[in-house]
$ cat coords.cif   # mmCIF, N, CA and C atoms
data_data
#
loop_
_atom_site.label_atom_id
_atom_site.label_comp_id
_atom_site.auth_asym_id
_atom_site.auth_seq_id
_atom_site.Cartn_x
_atom_site.Cartn_y
_atom_site.Cartn_z
N MET W 1 92.06 21.42 53.05
CA MET W 1 92.63 20.30 52.33
C MET W 1 92.39 20.51 50.82
N THR W 2 93.47 20.47 50.04
CA THR W 2 93.34 20.65 48.60
C THR W 2 93.34 19.29 47.91
N THR W 3 92.68 19.26 46.79
CA THR W 3 92.61 18.04 46.00
C THR W 3 93.82 17.98 45.08
N SER W 4 94.41 16.83 44.98
CA SER W 4 95.58 16.65 44.12
C SER W 4 95.17 16.75 42.65
N PRO W 5 95.97 17.43 41.83
CA PRO W 5 95.67 17.49 40.39
C PRO W 5 96.08 16.21 39.66
N GLU W 6 96.68 15.28 40.37
CA GLU W 6 97.20 14.06 39.75
C GLU W 6 96.15 13.28 38.95
N PRO W 7 94.95 13.00 39.49
CA PRO W 7 93.97 12.23 38.68
C PRO W 7 93.61 12.93 37.38
N GLN W 8 93.42 14.24 37.43
CA GLN W 8 93.09 14.99 36.20
C GLN W 8 94.27 14.97 35.23
N ALA W 9 95.48 15.12 35.75
CA ALA W 9 96.67 15.09 34.91
C ALA W 9 96.83 13.72 34.22
N ILE W 10 96.55 12.67 34.94
CA ILE W 10 96.64 11.32 34.37
C ILE W 10 95.59 11.16 33.27
N ALA W 11 94.37 11.60 33.54
CA ALA W 11 93.29 11.49 32.55
C ALA W 11 93.64 12.28 31.29
N GLU W 12 94.17 13.48 31.46
CA GLU W 12 94.54 14.30 30.30
C GLU W 12 95.68 13.67 29.52
N ARG W 13 96.67 13.11 30.24
CA ARG W 13 97.79 12.46 29.57
C ARG W 13 97.30 11.28 28.74
N GLU W 14 96.41 10.48 29.31
CA GLU W 14 95.88 9.32 28.60
C GLU W 14 95.07 9.75 27.38
N LEU W 15 94.27 10.79 27.54
CA LEU W 15 93.48 11.29 26.42
C LEU W 15 94.38 11.83 25.32
N CYS W 16 95.40 12.57 25.70
CA CYS W 16 96.36 13.09 24.70
C CYS W 16 97.01 11.94 23.94
N GLY W 17 97.35 10.88 24.65
CA GLY W 17 97.94 9.71 23.99
C GLY W 17 96.99 9.09 22.98
N LEU W 18 95.72 9.02 23.34
CA LEU W 18 94.72 8.46 22.42
C LEU W 18 94.53 9.34 21.19
N VAL W 19 94.44 10.65 21.40
CA VAL W 19 94.28 11.58 20.28
C VAL W 19 95.50 11.52 19.36
N ASN W 20 96.69 11.51 19.94
CA ASN W 20 97.91 11.41 19.13
C ASN W 20 97.97 10.09 18.39
N GLY W 21 97.59 9.00 19.05
CA GLY W 21 97.58 7.70 18.39
C GLY W 21 96.63 7.66 17.21
N LEU W 22 95.44 8.24 17.39
CA LEU W 22 94.47 8.30 16.29
C LEU W 22 95.01 9.15 15.15
N ALA W 23 95.60 10.30 15.48
CA ALA W 23 96.17 11.18 14.44
C ALA W 23 97.26 10.45 13.66
N GLN W 24 98.08 9.67 14.34
CA GLN W 24 99.13 8.92 13.65
C GLN W 24 98.54 7.85 12.75
N GLN W 25 97.50 7.17 13.23
CA GLN W 25 96.86 6.15 12.39
C GLN W 25 96.24 6.78 11.14
N ILE W 26 95.62 7.94 11.31
CA ILE W 26 95.02 8.63 10.16
C ILE W 26 96.11 9.06 9.18
N ALA W 27 97.22 9.57 9.69
CA ALA W 27 98.33 10.00 8.83
C ALA W 27 98.87 8.82 8.02
N VAL W 28 99.04 7.68 8.66
CA VAL W 28 99.52 6.48 7.96
C VAL W 28 98.50 6.06 6.90
N HIS W 29 97.24 6.09 7.27
CA HIS W 29 96.16 5.71 6.35
C HIS W 29 96.18 6.60 5.11
N VAL W 30 96.27 7.91 5.31
CA VAL W 30 96.30 8.85 4.19
C VAL W 30 97.54 8.60 3.32
N ARG W 31 98.70 8.44 3.96
CA ARG W 31 99.94 8.22 3.22
C ARG W 31 99.85 6.95 2.37
N GLU W 32 99.33 5.86 2.94
CA GLU W 32 99.22 4.61 2.19
C GLU W 32 98.29 4.75 0.99
N ARG W 33 97.17 5.45 1.17
CA ARG W 33 96.23 5.63 0.06
C ARG W 33 96.81 6.58 -0.99
N ALA W 34 97.51 7.61 -0.54
CA ALA W 34 98.10 8.59 -1.46
C ALA W 34 99.10 7.91 -2.40
N VAL W 35 99.93 7.05 -1.84
CA VAL W 35 100.97 6.38 -2.62
C VAL W 35 100.36 5.58 -3.76
N THR W 36 99.22 4.95 -3.52
CA THR W 36 98.60 4.14 -4.57
C THR W 36 98.14 4.99 -5.75
N LEU W 37 97.97 6.31 -5.50
CA LEU W 37 97.55 7.22 -6.56
C LEU W 37 98.70 8.06 -7.09
N GLY W 38 99.91 7.79 -6.63
CA GLY W 38 101.07 8.54 -7.09
C GLY W 38 101.16 9.92 -6.47
N LEU W 39 100.60 10.08 -5.28
CA LEU W 39 100.60 11.37 -4.59
C LEU W 39 101.40 11.28 -3.30
N THR W 40 101.85 12.42 -2.81
CA THR W 40 102.38 12.49 -1.46
C THR W 40 101.19 12.66 -0.52
N SER W 41 101.42 12.46 0.76
CA SER W 41 100.32 12.65 1.70
C SER W 41 99.88 14.11 1.73
N ALA W 42 100.81 15.04 1.55
CA ALA W 42 100.44 16.45 1.52
C ALA W 42 99.57 16.77 0.31
N GLN W 43 99.91 16.19 -0.84
CA GLN W 43 99.09 16.40 -2.03
C GLN W 43 97.70 15.79 -1.85
N ALA W 44 97.65 14.62 -1.23
CA ALA W 44 96.36 13.98 -0.98
C ALA W 44 95.53 14.82 -0.03
N THR W 45 96.16 15.38 0.98
CA THR W 45 95.45 16.24 1.92
C THR W 45 94.90 17.46 1.20
N ALA W 46 95.69 18.06 0.33
CA ALA W 46 95.23 19.23 -0.43
C ALA W 46 94.02 18.86 -1.29
N LEU W 47 94.09 17.76 -1.99
CA LEU W 47 92.96 17.34 -2.83
C LEU W 47 91.73 17.05 -1.98
N ARG W 48 91.92 16.38 -0.85
CA ARG W 48 90.79 16.08 0.04
C ARG W 48 90.11 17.37 0.49
N GLU W 49 90.89 18.38 0.79
CA GLU W 49 90.35 19.64 1.31
C GLU W 49 89.77 20.55 0.23
N MET W 50 90.03 20.27 -1.03
CA MET W 50 89.51 21.09 -2.13
C MET W 50 88.04 20.75 -2.40
N THR W 51 87.16 21.26 -1.56
CA THR W 51 85.73 20.99 -1.69
C THR W 51 85.05 21.94 -2.66
N GLY W 52 85.81 22.87 -3.19
CA GLY W 52 85.32 23.86 -4.14
C GLY W 52 86.40 24.90 -4.35
N PRO W 53 86.12 25.89 -5.19
CA PRO W 53 87.12 26.94 -5.40
C PRO W 53 87.47 27.62 -4.08
N MET W 54 88.76 27.89 -3.88
CA MET W 54 89.20 28.57 -2.66
C MET W 54 90.55 29.22 -2.90
N THR W 55 90.89 30.14 -2.02
CA THR W 55 92.18 30.80 -2.11
C THR W 55 93.26 29.91 -1.49
N MET W 56 94.50 30.28 -1.75
CA MET W 56 95.62 29.55 -1.17
C MET W 56 95.56 29.64 0.36
N ARG W 57 95.22 30.80 0.88
CA ARG W 57 95.13 30.99 2.33
C ARG W 57 94.06 30.07 2.93
N GLU W 58 92.91 29.96 2.24
CA GLU W 58 91.85 29.06 2.73
C GLU W 58 92.33 27.60 2.72
N LEU W 59 92.99 27.21 1.65
CA LEU W 59 93.49 25.84 1.56
C LEU W 59 94.52 25.58 2.66
N ALA W 60 95.43 26.52 2.85
CA ALA W 60 96.45 26.36 3.90
C ALA W 60 95.80 26.20 5.27
N GLY W 61 94.77 26.98 5.53
CA GLY W 61 94.05 26.85 6.80
C GLY W 61 93.44 25.49 6.97
N ARG W 62 92.86 24.97 5.92
CA ARG W 62 92.25 23.63 5.98
C ARG W 62 93.30 22.54 6.15
N MET W 63 94.48 22.79 5.60
CA MET W 63 95.56 21.81 5.69
C MET W 63 96.39 21.97 6.96
N SER W 64 96.10 23.01 7.73
CA SER W 64 96.86 23.32 8.95
C SER W 64 98.34 23.53 8.65
N CYS W 65 98.61 24.34 7.62
CA CYS W 65 99.99 24.65 7.27
C CYS W 65 100.08 26.12 6.86
N GLU W 66 101.29 26.57 6.65
CA GLU W 66 101.52 27.94 6.20
C GLU W 66 101.17 28.05 4.71
N PRO W 67 100.71 29.23 4.28
CA PRO W 67 100.41 29.41 2.86
C PRO W 67 101.59 29.09 1.94
N SER W 68 102.81 29.37 2.38
CA SER W 68 103.98 29.05 1.53
C SER W 68 104.10 27.55 1.32
N ASN W 69 103.78 26.75 2.34
CA ASN W 69 103.80 25.30 2.17
C ASN W 69 102.71 24.84 1.22
N ALA W 70 101.52 25.43 1.37
CA ALA W 70 100.42 25.08 0.47
C ALA W 70 100.77 25.46 -0.97
N THR W 71 101.44 26.58 -1.14
CA THR W 71 101.85 27.01 -2.48
C THR W 71 102.75 25.97 -3.13
N PHE W 72 103.71 25.46 -2.38
CA PHE W 72 104.62 24.43 -2.89
C PHE W 72 103.84 23.21 -3.35
N ILE W 73 102.89 22.78 -2.54
CA ILE W 73 102.08 21.60 -2.86
C ILE W 73 101.20 21.86 -4.08
N VAL W 74 100.57 23.03 -4.11
CA VAL W 74 99.70 23.39 -5.24
C VAL W 74 100.51 23.49 -6.53
N ASP W 75 101.73 24.02 -6.45
CA ASP W 75 102.59 24.09 -7.63
C ASP W 75 102.77 22.70 -8.25
N LYS W 76 103.00 21.71 -7.40
CA LYS W 76 103.17 20.33 -7.90
C LYS W 76 101.87 19.81 -8.52
N LEU W 77 100.75 20.07 -7.84
CA LEU W 77 99.45 19.61 -8.37
C LEU W 77 99.10 20.32 -9.67
N GLU W 78 99.48 21.59 -9.76
CA GLU W 78 99.23 22.33 -10.99
C GLU W 78 100.06 21.77 -12.14
N LYS W 79 101.31 21.42 -11.88
CA LYS W 79 102.16 20.82 -12.93
C LYS W 79 101.62 19.48 -13.39
N GLN W 80 100.90 18.79 -12.51
CA GLN W 80 100.29 17.51 -12.87
C GLN W 80 98.93 17.68 -13.56
N GLY W 81 98.50 18.94 -13.70
CA GLY W 81 97.23 19.20 -14.37
C GLY W 81 96.01 18.92 -13.50
N LEU W 82 96.18 18.96 -12.17
CA LEU W 82 95.08 18.64 -11.27
C LEU W 82 94.40 19.88 -10.68
N ILE W 83 95.12 20.98 -10.62
CA ILE W 83 94.60 22.24 -10.06
C ILE W 83 94.97 23.38 -11.00
N GLU W 84 94.08 24.35 -11.10
CA GLU W 84 94.35 25.58 -11.86
C GLU W 84 94.21 26.77 -10.93
N ARG W 85 94.99 27.80 -11.21
CA ARG W 85 94.82 29.08 -10.52
C ARG W 85 94.02 29.98 -11.46
N ARG W 86 92.96 30.55 -10.92
CA ARG W 86 92.11 31.45 -11.72
C ARG W 86 91.94 32.77 -11.00
N ALA W 87 91.56 33.77 -11.74
CA ALA W 87 91.30 35.08 -11.13
C ALA W 87 90.14 34.93 -10.14
N HIS W 88 90.29 35.58 -8.99
CA HIS W 88 89.24 35.57 -7.96
C HIS W 88 88.10 36.45 -8.44
N SER W 89 86.87 36.03 -8.20
CA SER W 89 85.71 36.76 -8.71
C SER W 89 85.49 38.10 -8.03
N THR W 90 85.93 38.26 -6.78
CA THR W 90 85.67 39.51 -6.07
C THR W 90 86.93 40.21 -5.54
N ASP W 91 88.08 39.55 -5.60
CA ASP W 91 89.32 40.14 -5.10
C ASP W 91 90.38 40.04 -6.18
N ARG W 92 90.64 41.15 -6.84
CA ARG W 92 91.57 41.10 -7.97
C ARG W 92 93.00 40.79 -7.56
N ARG W 93 93.31 40.90 -6.26
CA ARG W 93 94.66 40.59 -5.79
C ARG W 93 94.84 39.10 -5.55
N ALA W 94 93.76 38.37 -5.44
CA ALA W 94 93.84 36.95 -5.07
C ALA W 94 93.56 36.06 -6.27
N LYS W 95 94.04 34.85 -6.17
CA LYS W 95 93.74 33.80 -7.15
C LYS W 95 92.90 32.74 -6.45
N GLN W 96 92.03 32.13 -7.21
CA GLN W 96 91.26 31.00 -6.69
C GLN W 96 91.84 29.72 -7.25
N LEU W 97 91.90 28.73 -6.39
CA LEU W 97 92.33 27.40 -6.80
C LEU W 97 91.09 26.62 -7.19
N VAL W 98 91.16 25.97 -8.33
CA VAL W 98 90.03 25.19 -8.85
C VAL W 98 90.56 23.86 -9.36
N LEU W 99 89.88 22.79 -9.00
CA LEU W 99 90.26 21.48 -9.53
C LEU W 99 89.92 21.39 -11.00
N THR W 100 90.80 20.78 -11.77
CA THR W 100 90.52 20.49 -13.17
C THR W 100 89.62 19.24 -13.21
N PRO W 101 89.08 18.91 -14.37
CA PRO W 101 88.32 17.66 -14.45
C PRO W 101 89.15 16.44 -14.00
N GLU W 102 90.44 16.42 -14.36
CA GLU W 102 91.33 15.33 -13.92
C GLU W 102 91.50 15.37 -12.41
N GLY W 103 91.61 16.57 -11.86
CA GLY W 103 91.74 16.73 -10.41
C GLY W 103 90.49 16.27 -9.69
N ASN W 104 89.33 16.61 -10.23
CA ASN W 104 88.07 16.15 -9.63
C ASN W 104 87.98 14.63 -9.64
N ALA W 105 88.36 14.02 -10.76
CA ALA W 105 88.29 12.56 -10.87
C ALA W 105 89.24 11.90 -9.87
N LEU W 106 90.45 12.44 -9.75
CA LEU W 106 91.41 11.88 -8.81
C LEU W 106 90.96 12.09 -7.37
N ARG W 107 90.38 13.25 -7.09
CA ARG W 107 89.87 13.52 -5.75
C ARG W 107 88.77 12.52 -5.37
N GLU W 108 87.87 12.24 -6.31
CA GLU W 108 86.80 11.26 -6.05
C GLU W 108 87.38 9.89 -5.74
N ARG W 109 88.38 9.49 -6.51
CA ARG W 109 89.04 8.20 -6.27
C ARG W 109 89.72 8.20 -4.90
N LEU W 110 90.38 9.29 -4.58
CA LEU W 110 91.04 9.43 -3.27
C LEU W 110 90.04 9.30 -2.14
N LEU W 111 88.91 9.99 -2.24
CA LEU W 111 87.90 9.93 -1.19
C LEU W 111 87.38 8.51 -1.02
N GLU W 112 87.21 7.80 -2.13
CA GLU W 112 86.78 6.40 -2.05
C GLU W 112 87.79 5.57 -1.28
N LEU W 113 89.07 5.78 -1.56
CA LEU W 113 90.13 5.03 -0.87
C LEU W 113 90.23 5.41 0.60
N LEU W 114 90.04 6.68 0.90
CA LEU W 114 90.19 7.14 2.28
C LEU W 114 89.12 6.58 3.22
N VAL W 115 87.93 6.32 2.70
CA VAL W 115 86.88 5.78 3.58
C VAL W 115 87.01 4.27 3.76
N GLN W 116 87.78 3.62 2.90
CA GLN W 116 87.98 2.18 3.03
C GLN W 116 88.93 1.90 4.19
N ASP W 117 88.51 1.13 5.13
CA ASP W 117 89.34 0.73 6.27
C ASP W 117 89.91 1.91 7.03
N SER W 118 89.18 2.99 7.08
CA SER W 118 89.60 4.18 7.81
C SER W 118 89.76 3.86 9.29
N PRO W 119 90.70 4.52 9.97
CA PRO W 119 90.80 4.34 11.41
C PRO W 119 89.50 4.70 12.15
N LEU W 120 88.64 5.46 11.52
CA LEU W 120 87.36 5.83 12.13
C LEU W 120 86.22 4.91 11.73
N ALA W 121 86.51 3.92 10.90
CA ALA W 121 85.46 3.03 10.37
C ALA W 121 84.78 2.21 11.47
N GLY W 122 85.43 2.03 12.59
CA GLY W 122 84.84 1.27 13.68
C GLY W 122 83.79 2.05 14.45
N LEU W 123 83.64 3.33 14.13
CA LEU W 123 82.65 4.17 14.79
C LEU W 123 81.45 4.35 13.89
N THR W 124 80.27 4.39 14.48
CA THR W 124 79.07 4.69 13.70
C THR W 124 79.11 6.16 13.29
N THR W 125 78.27 6.54 12.37
CA THR W 125 78.17 7.94 11.96
C THR W 125 77.84 8.82 13.15
N GLN W 126 76.95 8.34 14.00
CA GLN W 126 76.58 9.10 15.20
C GLN W 126 77.77 9.25 16.14
N GLN W 127 78.54 8.20 16.32
CA GLN W 127 79.72 8.27 17.18
C GLN W 127 80.78 9.21 16.59
N GLN W 128 80.93 9.18 15.27
CA GLN W 128 81.88 10.09 14.62
C GLN W 128 81.47 11.55 14.83
N ARG W 129 80.16 11.82 14.71
CA ARG W 129 79.68 13.19 14.95
C ARG W 129 79.91 13.61 16.39
N ALA W 130 79.66 12.70 17.33
CA ALA W 130 79.87 13.00 18.74
C ALA W 130 81.35 13.29 19.01
N LEU W 131 82.24 12.48 18.44
CA LEU W 131 83.67 12.71 18.59
C LEU W 131 84.07 14.05 17.98
N GLN W 132 83.54 14.34 16.80
CA GLN W 132 83.82 15.61 16.15
C GLN W 132 83.37 16.77 17.04
N ASN W 133 82.17 16.68 17.59
CA ASN W 133 81.66 17.75 18.46
C ASN W 133 82.53 17.95 19.68
N LEU W 134 82.96 16.85 20.29
CA LEU W 134 83.82 16.95 21.48
C LEU W 134 85.18 17.57 21.13
N LEU W 135 85.75 17.15 20.01
CA LEU W 135 87.04 17.71 19.60
C LEU W 135 86.92 19.19 19.26
N GLU W 136 85.84 19.57 18.57
CA GLU W 136 85.62 20.98 18.25
C GLU W 136 85.47 21.80 19.53
N GLN W 137 84.76 21.26 20.49
CA GLN W 137 84.57 21.95 21.76
C GLN W 137 85.92 22.13 22.47
N ALA W 138 86.72 21.10 22.50
CA ALA W 138 88.03 21.19 23.15
C ALA W 138 88.94 22.18 22.42
N LEU W 139 88.90 22.17 21.09
CA LEU W 139 89.76 23.06 20.31
C LEU W 139 89.30 24.51 20.40
N SER W 140 88.02 24.74 20.61
CA SER W 140 87.51 26.12 20.67
C SER W 140 87.99 26.84 21.93
N ARG W 141 88.45 26.11 22.91
CA ARG W 141 88.95 26.70 24.15
C ARG W 141 90.37 27.23 24.00
N SER W 142 91.07 26.77 22.97
CA SER W 142 92.47 27.19 22.85
C SER W 142 92.64 28.37 21.94
#
$ encode --input "coords.cif" --output "structure tokens"
Amino acid sequence: MTTSPEPQAIAERELCGLVNGLAQQIAVHVRERAVTLGLTSAQATALREMTGPMTMRELAGRMSCEPSNATFIVDKLEKQGLIERRAHSTDRRAKQLVLTPEGNALRERLLELLVQDSPLAGLTTQQQRALQNLLEQALSRS
């Protein structure tokens, strides 16, 4: 006698729905905060991910997009005086992206806005870490 996969399939479908719902709420949250700062959600995501100097490829990886898409976004941020491209310290073929003082100030303001009423605000820090660990574990299998 074999066990039906139906209960597991139902559980996975429900979990996928919850993960997608949370991702959509976060996307809306980012977009709403970005607009108040005159940014697109993609620009806000780029600024959020700029935790220090990095290459375009590193930024694209953090943004979960192709480097060509990140380049388009960085071009706009550079025209706004928020990001600079500088020579890479160890790879002469690469450029490093660095926030300008204006970019750093805007990033700080963005981070302040993103934590306000975040879709994750209902979770304690410990619960957020547990969720992060579970998601990382699930993603490491793929």
$ select_by_dssp --input "coords.cif" --residues "stretch 23-140 of chain W" --states "alpha helix (DSSP H)" --output "number ranges by chain"
W: 23-36, 41-49, 56-63, 67-79, 101-115, 125-140
$ closest_residue --input "coords.cif" --among "W:Ser41, W:Thr3, W:Ser89, W:Asn104" --to "W:Ile73" --atoms "only C-alpha atoms"
W:Ser41
$ resolve_selection --input "coords.cif" --expression "the PyMOL selection byres ((chain W and resi 52-58) around 7)" --output "number ranges by chain"
W: 49-51, 59-63, 67, 70-71, 94-99
$ atom_distance --input "coords.cif" --atom1 "atom CA of W:Leu37" --atom2 "atom CA of W:Leu18"
29.1 Å
$ atom_distance --input "coords.cif" --atom1 "atom CA of W:Leu123" --atom2 "atom N of W:Leu135"
14.3 Å
$ residues_around --input "coords.cif" --residues "W:Glu112" --least-positions-apart "3" --cutoff "12 Å" --atoms "only C-alpha atoms" --output "ChimeraX atom specification"
/W:30,33-34,37,48,105-109,115-118
$ atom_distance --input "coords.cif" --atom1 "atom C of W:Thr40" --atom2 "atom N of W:Glu102"
17.9 Å
$ select_by_dssp --input "coords.cif" --residues "chain W" --states "strand (DSSP E)" --output "ChimeraX atom specification"
/W:83-87,95-99
$ write_last_selection --input "coords.cif" --atoms "N, CA and C atoms" --output "compact mmCIF listing (two decimals), keeping the file's coordinate frame"
# COMPACT_ATOMS: atom_id res chain seq x y z
N ILE W 83 95.12 20.98 -10.62
CA ILE W 83 94.60 22.24 -10.06
C ILE W 83 94.97 23.38 -11.00
N GLU W 84 94.08 24.35 -11.10
CA GLU W 84 94.35 25.58 -11.86
C GLU W 84 94.21 26.77 -10.93
N ARG W 85 94.99 27.80 -11.21
CA ARG W 85 94.82 29.08 -10.52
C ARG W 85 94.02 29.98 -11.46
N ARG W 86 92.96 30.55 -10.92
CA ARG W 86 92.11 31.45 -11.72
C ARG W 86 91.94 32.77 -11.00
N ALA W 87 91.56 33.77 -11.74
CA ALA W 87 91.30 35.08 -11.13
C ALA W 87 90.14 34.93 -10.14
N LYS W 95 94.04 34.85 -6.17
CA LYS W 95 93.74 33.80 -7.15
C LYS W 95 92.90 32.74 -6.45
N GLN W 96 92.03 32.13 -7.21
CA GLN W 96 91.26 31.00 -6.69
C GLN W 96 91.84 29.72 -7.25
N LEU W 97 91.90 28.73 -6.39
CA LEU W 97 92.33 27.40 -6.80
C LEU W 97 91.09 26.62 -7.19
N VAL W 98 91.16 25.97 -8.33
CA VAL W 98 90.03 25.19 -8.85
C VAL W 98 90.56 23.86 -9.36
N LEU W 99 89.88 22.79 -9.00
CA LEU W 99 90.26 21.48 -9.53
C LEU W 99 89.92 21.39 -11.00
$ closest_residue --input "coords.cif" --among "W:Ala11, W:Asn69, W:Leu47, W:Arg93" --to "W:Leu111" --atoms "all atoms listed in the file"
W:Leu47
$ axis_aligned_box --input "coords.cif" --around "stretch 55-67 of chain W" --padding-each-side "3 Å" --output "AutoDock Vina command-line options"
--center_x 96.2 --center_y 26.4 --center_z 3.4 --size_x 16.7 --size_y 15.2 --size_z 17.1
$ residues_around --input "coords.cif" --residues "W:Arg31" --least-positions-apart "3" --cutoff "10 Å" --atoms "only C-alpha atoms" --output "ChimeraX atom specification"
/W:25-28,34-36,39-45,114
